[in-house]
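Here's data.cif, which has mmCIF, C-alpha atoms:
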```cif
data_work
#
loop_
_atom_site.label_atom_id
_atom_site.label_comp_id
_atom_site.auth_asym_id
_atom_site.auth_seq_id
_atom_site.Cartn_x
_atom_site.Cartn_y
_atom_site.Cartn_z
CA MET A 1 -35.42 -47.24 8.51
CA LYS A 2 -31.78 -48.27 8.48
CA GLU A 3 -30.43 -50.17 5.50
CA GLN A 4 -29.80 -53.26 7.62
CA GLU A 5 -33.42 -53.30 8.81
CA VAL A 6 -34.69 -52.79 5.26
CA ASN A 7 -32.75 -55.78 4.01
CA LYS A 8 -33.90 -57.98 6.89
CA ALA A 9 -37.48 -57.01 6.10
CA ARG A 10 -36.91 -57.75 2.41
CA ALA A 11 -35.53 -61.16 3.34
CA VAL A 12 -38.68 -61.90 5.34
CA TYR A 13 -40.98 -60.90 2.48
CA TYR A 14 -39.06 -63.03 -0.01
CA LYS A 15 -39.15 -65.93 2.42
CA ILE A 16 -42.92 -65.65 2.80
CA PHE A 17 -43.51 -65.71 -0.93
CA SER A 18 -41.01 -68.51 -1.52
CA ASN A 19 -43.09 -70.64 0.86
CA PHE A 20 -46.06 -70.28 -1.47
CA PHE A 21 -44.08 -71.33 -4.54
CA VAL A 22 -42.01 -74.22 -3.19
CA TYR A 23 -44.02 -77.26 -2.15
CA THR A 24 -43.28 -78.36 1.40
CA PRO A 25 -45.38 -80.77 3.47
CA ASP A 26 -43.37 -79.89 6.60
CA ILE A 27 -45.95 -78.70 9.12
CA ASN A 28 -43.32 -76.82 11.13
CA LYS A 29 -42.44 -74.76 8.04
CA TYR A 30 -46.15 -74.06 7.64
CA PHE A 31 -46.45 -72.80 11.21
CA GLN A 32 -43.40 -70.60 10.59
CA LEU A 33 -45.16 -69.19 7.51
CA LEU A 34 -48.26 -68.39 9.58
CA ASN A 35 -46.11 -66.52 12.10
CA LEU A 36 -44.39 -64.50 9.38
CA ILE A 37 -47.73 -63.55 7.86
CA GLU A 38 -48.93 -62.33 11.27
CA LEU A 39 -45.74 -60.28 11.51
CA VAL A 40 -46.11 -58.49 8.18
CA LYS A 41 -49.88 -58.07 7.96
CA ASN A 42 -49.75 -55.33 10.61
CA ASN A 43 -46.69 -53.72 9.01
CA SER A 44 -47.56 -54.00 5.32
CA LEU A 45 -46.26 -51.90 2.46
CA ASP A 46 -49.66 -50.48 1.52
CA GLU A 47 -53.38 -50.94 2.13
CA TYR A 48 -53.69 -53.51 -0.66
CA SER A 49 -51.04 -55.84 0.71
CA ALA A 50 -52.37 -55.30 4.24
CA GLN A 51 -55.80 -56.51 3.15
CA ALA A 52 -54.27 -59.33 1.13
CA PHE A 53 -52.26 -60.64 4.08
CA GLU A 54 -55.34 -60.32 6.29
CA ASN A 55 -57.31 -62.41 3.79
CA ILE A 56 -54.52 -64.99 3.57
CA SER A 57 -54.37 -65.25 7.34
CA ASN A 58 -58.12 -65.81 7.51
CA LYS A 59 -58.13 -68.43 4.75
CA LEU A 60 -55.20 -70.53 5.98
CA GLN A 61 -56.00 -73.19 8.55
CA LYS A 62 -54.23 -72.69 11.86
CA ASP A 63 -53.63 -76.37 12.56
CA SER A 64 -53.21 -77.92 9.11
CA ASN A 65 -51.60 -77.12 5.76
CA ILE A 66 -54.01 -79.33 3.77
CA VAL A 67 -55.99 -76.45 2.24
CA LEU A 68 -52.85 -74.67 1.04
CA LEU A 69 -51.28 -77.83 -0.37
CA LYS A 70 -54.51 -78.73 -2.19
CA GLU A 71 -54.69 -75.34 -3.88
CA TYR A 72 -50.99 -75.49 -4.74
CA ASP A 73 -51.51 -78.86 -6.43
CA ASP A 74 -54.59 -77.64 -8.31
CA ILE A 75 -52.72 -74.64 -9.71
CA PHE A 76 -49.31 -76.10 -10.46
CA HIS A 77 -49.66 -79.87 -10.83
CA ASN A 78 -53.24 -80.97 -11.47
CA PRO A 79 -53.46 -82.21 -15.12
CA GLN A 80 -57.21 -81.49 -15.10
CA THR A 81 -56.77 -77.74 -14.57
CA THR A 82 -54.95 -74.98 -16.44
CA GLN A 83 -51.23 -75.65 -16.28
CA ILE A 84 -49.14 -72.79 -14.90
CA ARG A 85 -45.47 -72.75 -15.89
CA THR A 86 -43.14 -71.28 -13.31
CA THR A 87 -39.75 -70.81 -14.97
CA ALA A 88 -38.33 -67.57 -16.31
CA SER A 89 -37.12 -69.42 -19.42
CA TYR A 90 -40.67 -70.41 -20.34
CA TYR A 91 -41.92 -66.83 -20.23
CA ASP A 92 -38.83 -65.65 -22.10
CA GLU A 93 -38.57 -68.28 -24.85
CA LYS A 94 -41.51 -70.66 -24.37
CA VAL A 95 -39.04 -73.45 -23.56
CA GLU A 96 -37.87 -74.96 -20.31
CA SER A 97 -34.21 -74.72 -19.32
CA GLY A 98 -33.35 -71.80 -21.58
CA LYS A 99 -31.27 -68.64 -21.43
CA LYS A 100 -32.70 -67.47 -18.11
CA ARG A 101 -31.65 -70.69 -16.42
CA VAL A 102 -28.13 -70.16 -17.77
CA GLN A 103 -28.19 -66.64 -16.34
CA MET A 104 -29.26 -67.95 -12.95
CA LEU A 105 -26.47 -70.53 -12.98
CA ASP A 106 -23.99 -67.75 -13.76
CA PHE A 107 -25.32 -65.70 -10.83
CA LEU A 108 -25.20 -68.66 -8.46
CA ALA A 109 -21.60 -69.33 -9.46
CA LYS A 110 -20.74 -66.06 -7.70
CA THR A 111 -22.18 -67.38 -4.41
CA LYS A 112 -22.02 -70.48 -2.23
CA ILE A 113 -25.69 -71.18 -2.96
CA ARG A 114 -26.47 -74.29 -4.98
CA ARG A 115 -29.62 -76.22 -5.85
CA ASP A 116 -29.80 -79.58 -4.12
CA GLU A 117 -30.99 -81.65 -7.09
CA LYS A 118 -31.97 -84.61 -4.91
CA ARG A 119 -34.39 -82.51 -2.85
CA PHE A 120 -35.53 -79.84 -5.30
CA SER A 121 -36.26 -80.98 -8.84
CA GLU A 122 -37.36 -77.66 -10.35
CA TYR A 123 -34.86 -75.62 -12.34
CA GLU A 124 -32.79 -72.74 -10.98
CA ASP A 125 -34.96 -70.19 -12.82
CA SER A 126 -38.21 -71.42 -11.27
CA ILE A 127 -40.07 -68.74 -9.31
CA GLY A 128 -39.75 -70.64 -6.01
CA PHE A 129 -36.00 -71.03 -6.29
CA ILE A 130 -35.49 -67.39 -7.37
CA LEU A 131 -37.51 -66.06 -4.42
CA THR A 132 -35.61 -68.30 -2.01
CA VAL A 133 -32.24 -67.16 -3.33
CA LEU A 134 -33.23 -63.49 -3.16
CA SER A 135 -34.32 -64.00 0.44
CA GLU A 136 -30.91 -65.48 1.20
CA LEU A 137 -29.07 -62.65 -0.58
CA ALA A 138 -31.08 -59.94 1.21
CA PHE A 139 -30.26 -61.61 4.52
CA LEU A 140 -26.56 -61.82 3.67
CA VAL A 141 -26.50 -58.13 2.71
CA SER A 142 -28.18 -57.28 6.03
CA GLU A 143 -25.35 -59.17 7.75
CA GLY A 144 -22.76 -56.94 6.09
CA GLU A 145 -21.88 -59.05 3.03
CA GLU A 146 -22.22 -56.11 0.67
CA GLN A 147 -20.58 -57.97 -2.21
CA TYR A 148 -24.04 -59.40 -2.90
CA LYS A 149 -25.71 -56.01 -3.42
CA THR A 150 -25.01 -55.88 -7.14
CA LEU A 151 -25.80 -59.55 -7.58
CA GLN A 152 -29.27 -59.29 -6.06
CA HIS A 153 -29.93 -56.19 -8.17
CA CYS A 154 -29.00 -58.05 -11.36
CA MET A 155 -30.97 -61.15 -10.41
CA PHE A 156 -34.09 -59.09 -9.77
CA SER A 157 -33.70 -56.87 -12.82
CA ASP A 158 -32.63 -59.45 -15.40
CA ILE A 159 -34.70 -62.43 -14.30
CA LEU A 160 -37.53 -61.98 -11.76
CA ASN A 161 -38.72 -58.58 -13.00
CA GLU A 162 -38.86 -59.90 -16.56
CA PHE A 163 -41.58 -62.48 -15.93
CA VAL A 164 -43.19 -61.96 -12.52
CA ASP A 165 -46.08 -59.85 -13.87
CA GLU A 166 -47.02 -62.34 -16.59
CA LEU A 167 -46.77 -65.27 -14.19
CA SER A 168 -48.80 -63.39 -11.58
CA LYS A 169 -51.58 -62.67 -14.07
CA ALA A 170 -51.76 -66.35 -15.02
CA ILE A 171 -52.01 -67.43 -11.37
CA TYR A 172 -54.52 -64.72 -10.42
CA GLU A 173 -56.82 -65.74 -13.28
CA HIS A 174 -56.48 -69.48 -12.62
CA GLU A 175 -59.83 -71.20 -12.08
CA LYS A 176 -58.68 -72.77 -8.79
CA ALA A 177 -57.00 -69.70 -7.32
CA ASP A 178 -58.42 -68.46 -4.01
CA ILE A 179 -55.65 -68.06 -1.45
CA TYR A 180 -53.28 -67.43 -4.33
CA LYS A 181 -55.29 -64.44 -5.55
CA ASP A 182 -54.37 -62.68 -2.32
CA VAL A 183 -50.81 -64.01 -2.50
CA ILE A 184 -50.47 -62.39 -5.93
CA VAL A 185 -51.86 -59.05 -4.70
CA ALA A 186 -49.30 -59.00 -1.89
CA LEU A 187 -46.50 -60.20 -4.17
CA LEU A 188 -47.12 -57.50 -6.77
CA SER A 189 -47.15 -54.85 -4.06
CA PHE A 190 -43.77 -56.10 -2.89
CA MET A 191 -42.49 -56.17 -6.47
CA GLU A 192 -43.31 -52.47 -6.77
CA PHE A 193 -41.33 -51.82 -3.59
CA GLU A 194 -38.40 -53.76 -5.02
CA ARG A 195 -38.48 -51.76 -8.24
CA LEU A 196 -38.26 -48.57 -6.20
CA TYR A 197 -35.51 -50.08 -4.04
CA PHE A 198 -33.41 -51.03 -7.07
CA GLY A 199 -34.40 -48.02 -9.17
CA ILE A 200 -35.74 -49.96 -12.13
CA SER A 201 -38.96 -49.94 -14.12
CA ARG A 202 -41.52 -52.64 -14.73
CA ALA A 203 -40.56 -54.86 -17.64
CA LYS A 204 -42.32 -54.14 -20.94
CA PRO A 205 -44.74 -56.84 -22.10
CA LYS A 206 -43.20 -59.13 -24.67
CA GLU A 207 -44.54 -59.01 -28.20
CA VAL A 208 -46.80 -61.89 -29.07
CA ILE A 209 -45.64 -63.54 -32.29
CA LYS A 210 -48.44 -65.33 -34.12
CA GLU A 211 -47.48 -68.56 -35.78
CA GLU A 212 -49.52 -71.11 -37.68
CA VAL A 213 -48.14 -73.86 -35.49
CA CYS A 214 -46.74 -73.09 -32.07
CA GLU A 215 -45.40 -76.06 -30.17
CA GLU A 216 -43.28 -76.05 -27.05
CA VAL A 217 -39.76 -77.30 -27.59
CA ILE A 218 -39.03 -79.76 -24.85
CA SER A 219 -35.41 -80.74 -24.30
CA LYS A 220 -34.30 -84.24 -23.42
CA GLU A 221 -33.27 -82.91 -20.00
CA GLU A 222 -36.77 -81.52 -19.40
CA LEU A 223 -38.41 -84.78 -20.41
CA GLU A 224 -36.19 -86.64 -17.96
CA ARG A 225 -37.01 -84.14 -15.20
CA ARG A 226 -40.73 -84.55 -15.78
CA ALA A 227 -40.36 -88.30 -15.71
CA ARG A 228 -38.55 -88.09 -12.35
CA ASN A 229 -41.31 -85.86 -10.94
CA LYS A 230 -43.99 -88.24 -12.17
CA ALA A 231 -42.21 -91.18 -10.58
CA ALA A 232 -41.76 -89.27 -7.31
CA LYS A 233 -45.45 -88.40 -7.18
CA ALA A 234 -46.42 -91.99 -7.89
CA ALA A 235 -44.32 -93.01 -4.89
CA GLY A 236 -46.02 -90.41 -2.72
CA ALA A 237 -43.05 -88.02 -2.64
CA LYS A 238 -43.24 -84.25 -3.02
CA VAL A 239 -40.79 -81.49 -3.88
CA GLN A 240 -39.38 -80.09 -0.65
CA GLU A 241 -38.42 -76.61 0.40
CA ASP A 242 -34.75 -77.12 1.25
CA VAL A 243 -33.13 -76.07 -2.00
CA PHE A 244 -29.66 -75.18 -0.76
CA ILE A 245 -26.64 -77.28 0.07
CA ALA A 246 -25.89 -74.65 2.71
CA SER A 247 -27.93 -71.70 3.89
CA SER A 248 -27.35 -69.07 6.57
CA ASN A 249 -30.95 -67.83 6.60
CA GLU A 250 -32.66 -70.43 8.78
CA GLU A 251 -33.55 -68.06 11.58
CA ILE A 252 -35.59 -65.72 9.41
#
```
Could the structure of this file be written out as structure tokens, please?
Amino acid sequence: MKEQEVNKARAVYYKIFSNFFVYTPDINKYFQLLNLIELVKNNSLDEYSAQAFENISNKLQKDSNIVLLKEYDDIFHNPQTTQIRTTASYYDEKVESGKKRVQMLDFLAKTKIRRDEKRFSEYEDSIGFILTVLSELAFLVSEGEEQYKTLQHCMFSDILNEFVDELSKAIYEHEKADIYKDVIVALLSFMEFERLYFGISRAKPKEVIKEEVCEEVISKEELERRARNKAAKAAGAKVQEDVFIASSNEEI
């Protein structure tokens, strides 16, 4: 397969997974996701991801995104279930808005990609934002913008690869996970492909440091962000998928 085709395929995979980690009530985006899943399930990376995409396709409703949105809420937002954190900083330092977010901001400064804070309230090192950016970068590389080759390598190696396994384990074991169990199987298969593509190894598990008292350090900025999210939910609003000020990847 030619390099251009590989990168277009990588962009599609990243786009599929970003749709599972960025809340969007847009039914047209949901139908696009269903079409992409149909595209890759017959051209999967291995037998495990093929079966996973087949299961996802069977579980997702063809005319409504209610089931998917309900499971998303139960896993990531429901206060009555296990809370899953989704930022690289949390898995790195057990704090929100830490070093990994700073790294992501440094990477983004080398591109025209920016987070639209009015439409996407999660941080730049959240899994949904990272997957969306990597989809965009893979697409740009496929279009001949080779200056982003090193950047996507660094973003994968230094950020996503460092926490994706731990996050995936937490989601797979979540008491409300059903569709997301298969999403995680497919995601981890793709992560192995990406490690081969970039020539890097799986990140070593972080040492667990036992402390008598272990409390999360929450910054003033994080408290304000949570308050905004709470207010948005109370008003019936939801985080949307459009996280860029400008994006060239709409046709994928």
Legend entry - Point-to-point distance in Å for CA of Ala9 in chain A and CA of Ser168 in chain A: 21.9 Å
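Residues selected in this file by the PyMOL selection byres ((chain A and resi 71-78) around 9) comprise Phe20, Phe21, Tyr23, Ile66, Val67, Leu68, Leu69, Lys70, Pro79, Gln80, Thr81, Thr82, Gln83, Ile84, Arg85, Thr86, Ile171, His174, Glu175, Lys176, Ala177, Asp178, Ile179 and Tyr180 of chain A.
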Inset, instruction - Would you mind telling me which residue in A:Leu137, A:Ile130, A:Ala88, A:Cys154 lies nearest to Phe17 in chain A when using all atoms listed in the file? - result: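 Distance minimum relative to Phe17 in chain A lands on A:Ile130.
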Legend entry - Nearest residue to Leu131 in chain A from the set A:Phe53, A:Phe198, A:Lys169, A:Thr87 (distances using all atoms listed in the file): A:Thr87
Inset, instruction - Identify, on the basis of all atoms listed in the file, every residue whose closest approach to Glu145 in chain A does not exceed 12 Å; exclude the query and any residue fewer than 5 positions from it along the same chain; express the result as a VMD selection string. - result: chain A and resid 4 7 111 136 to 140 150 to 152 248
Quick one: write out the picked residues with C-alpha atoms as a CSV table (one decimal), in the coordinates of the input?
```
chain,number,residue,atom,x,y,z
A,4,GLN,CA,-29.8,-53.3,7.6
A,7,ASN,CA,-32.8,-55.8,4.0
A,111,THR,CA,-22.2,-67.4,-4.4
A,136,GLU,CA,-30.9,-65.5,1.2
A,137,LEU,CA,-29.1,-62.6,-0.6
A,138,ALA,CA,-31.1,-59.9,1.2
A,139,PHE,CA,-30.3,-61.6,4.5
A,140,LEU,CA,-26.6,-61.8,3.7
A,150,THR,CA,-25.0,-55.9,-7.1
A,151,LEU,CA,-25.8,-59.6,-7.6
A,152,GLN,CA,-29.3,-59.3,-6.1
A,248,SER,CA,-27.4,-69.1,6.6
```
Legend entry - Residue members of the PyMOL selection byres ((chain A and resi 31-38) around 10) in the file shown, as a ChimeraX atom specification: /A:12-13,15-20,26-30,39-44,53-54,56-57,60-65,252
Please produce an output containing C-alpha atoms for each residue in the selection, written as a JSON list (two decimals), keeping the file's coordinate frame.
```
[["chain", "number", "residue", "atom", "x", "y", "z"],
["A", 12, "VAL", "CA", -38.68, -61.90, 5.34],
["A", 13, "TYR", "CA", -40.98, -60.90, 2.48],
["A", 15, "LYS", "CA", -39.15, -65.93, 2.42],
["A", 16, "ILE", "CA", -42.92, -65.65, 2.80],
["A", 17, "PHE", "CA", -43.51, -65.71, -0.93],
["A", 18, "SER", "CA", -41.01, -68.51, -1.52],
["A", 19, "ASN", "CA", -43.09, -70.64, 0.86],
["A", 20, "PHE", "CA", -46.06, -70.28, -1.47],
["A", 26, "ASP", "CA", -43.37, -79.89, 6.60],
["A", 27, "ILE", "CA", -45.95, -78.70, 9.12],
["A", 28, "ASN", "CA", -43.32, -76.82, 11.13],
["A", 29, "LYS", "CA", -42.44, -74.76, 8.04],
["A", 30, "TYR", "CA", -46.15, -74.06, 7.64],
["A", 39, "LEU", "CA", -45.74, -60.28, 11.51],
["A", 40, "VAL", "CA", -46.11, -58.49, 8.18],
["A", 41, "LYS", "CA", -49.88, -58.07, 7.96],
["A", 42, "ASN", "CA", -49.75, -55.33, 10.61],
["A", 43, "ASN", "CA", -46.69, -53.72, 9.01],
["A", 44, "SER", "CA", -47.56, -54.00, 5.32],
["A", 53, "PHE", "CA", -52.26, -60.64, 4.08],
["A", 54, "GLU", "CA", -55.34, -60.32, 6.29],
["A", 56, "ILE", "CA", -54.52, -64.99, 3.57],
["A", 57, "SER", "CA", -54.37, -65.25, 7.34],
["A", 60, "LEU", "CA", -55.20, -70.53, 5.98],
["A", 61, "GLN", "CA", -56.00, -73.19, 8.55],
["A", 62, "LYS", "CA", -54.23, -72.69, 11.86],
["A", 63, "ASP", "CA", -53.63, -76.37, 12.56],
["A", 64, "SER", "CA", -53.21, -77.92, 9.11],
["A", 65, "ASN", "CA", -51.60, -77.12, 5.76],
["A", 252, "ILE", "CA", -35.59, -65.72, 9.41]]
```
Inset, instruction - Name the residues that the PyMOL selection byres ((chain A and resi 157-164) around 7) pulls out of this structure, and write them as a list in words. - result: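 Taken over the shown coordinates, the PyMOL selection byres ((chain A and resi 157-164) around 7) returns Ala88, Tyr91, Lys100, His153, Cys154, Met155, Phe156, Asp165, Glu166, Leu167, Ser168, Arg202 and Ala203 of chain A.
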Inset, instruction - Tell me, in Å to one decimal, how far CA of Ile184 in chain A is from CA of Arg114 in chain A. - result: 26.8 Å
Inset, instruction - Could you check how far CA of Phe190 in chain A sits from CA of Gln51 in chain A, in Å to one decimal? - result: 13.5 Å
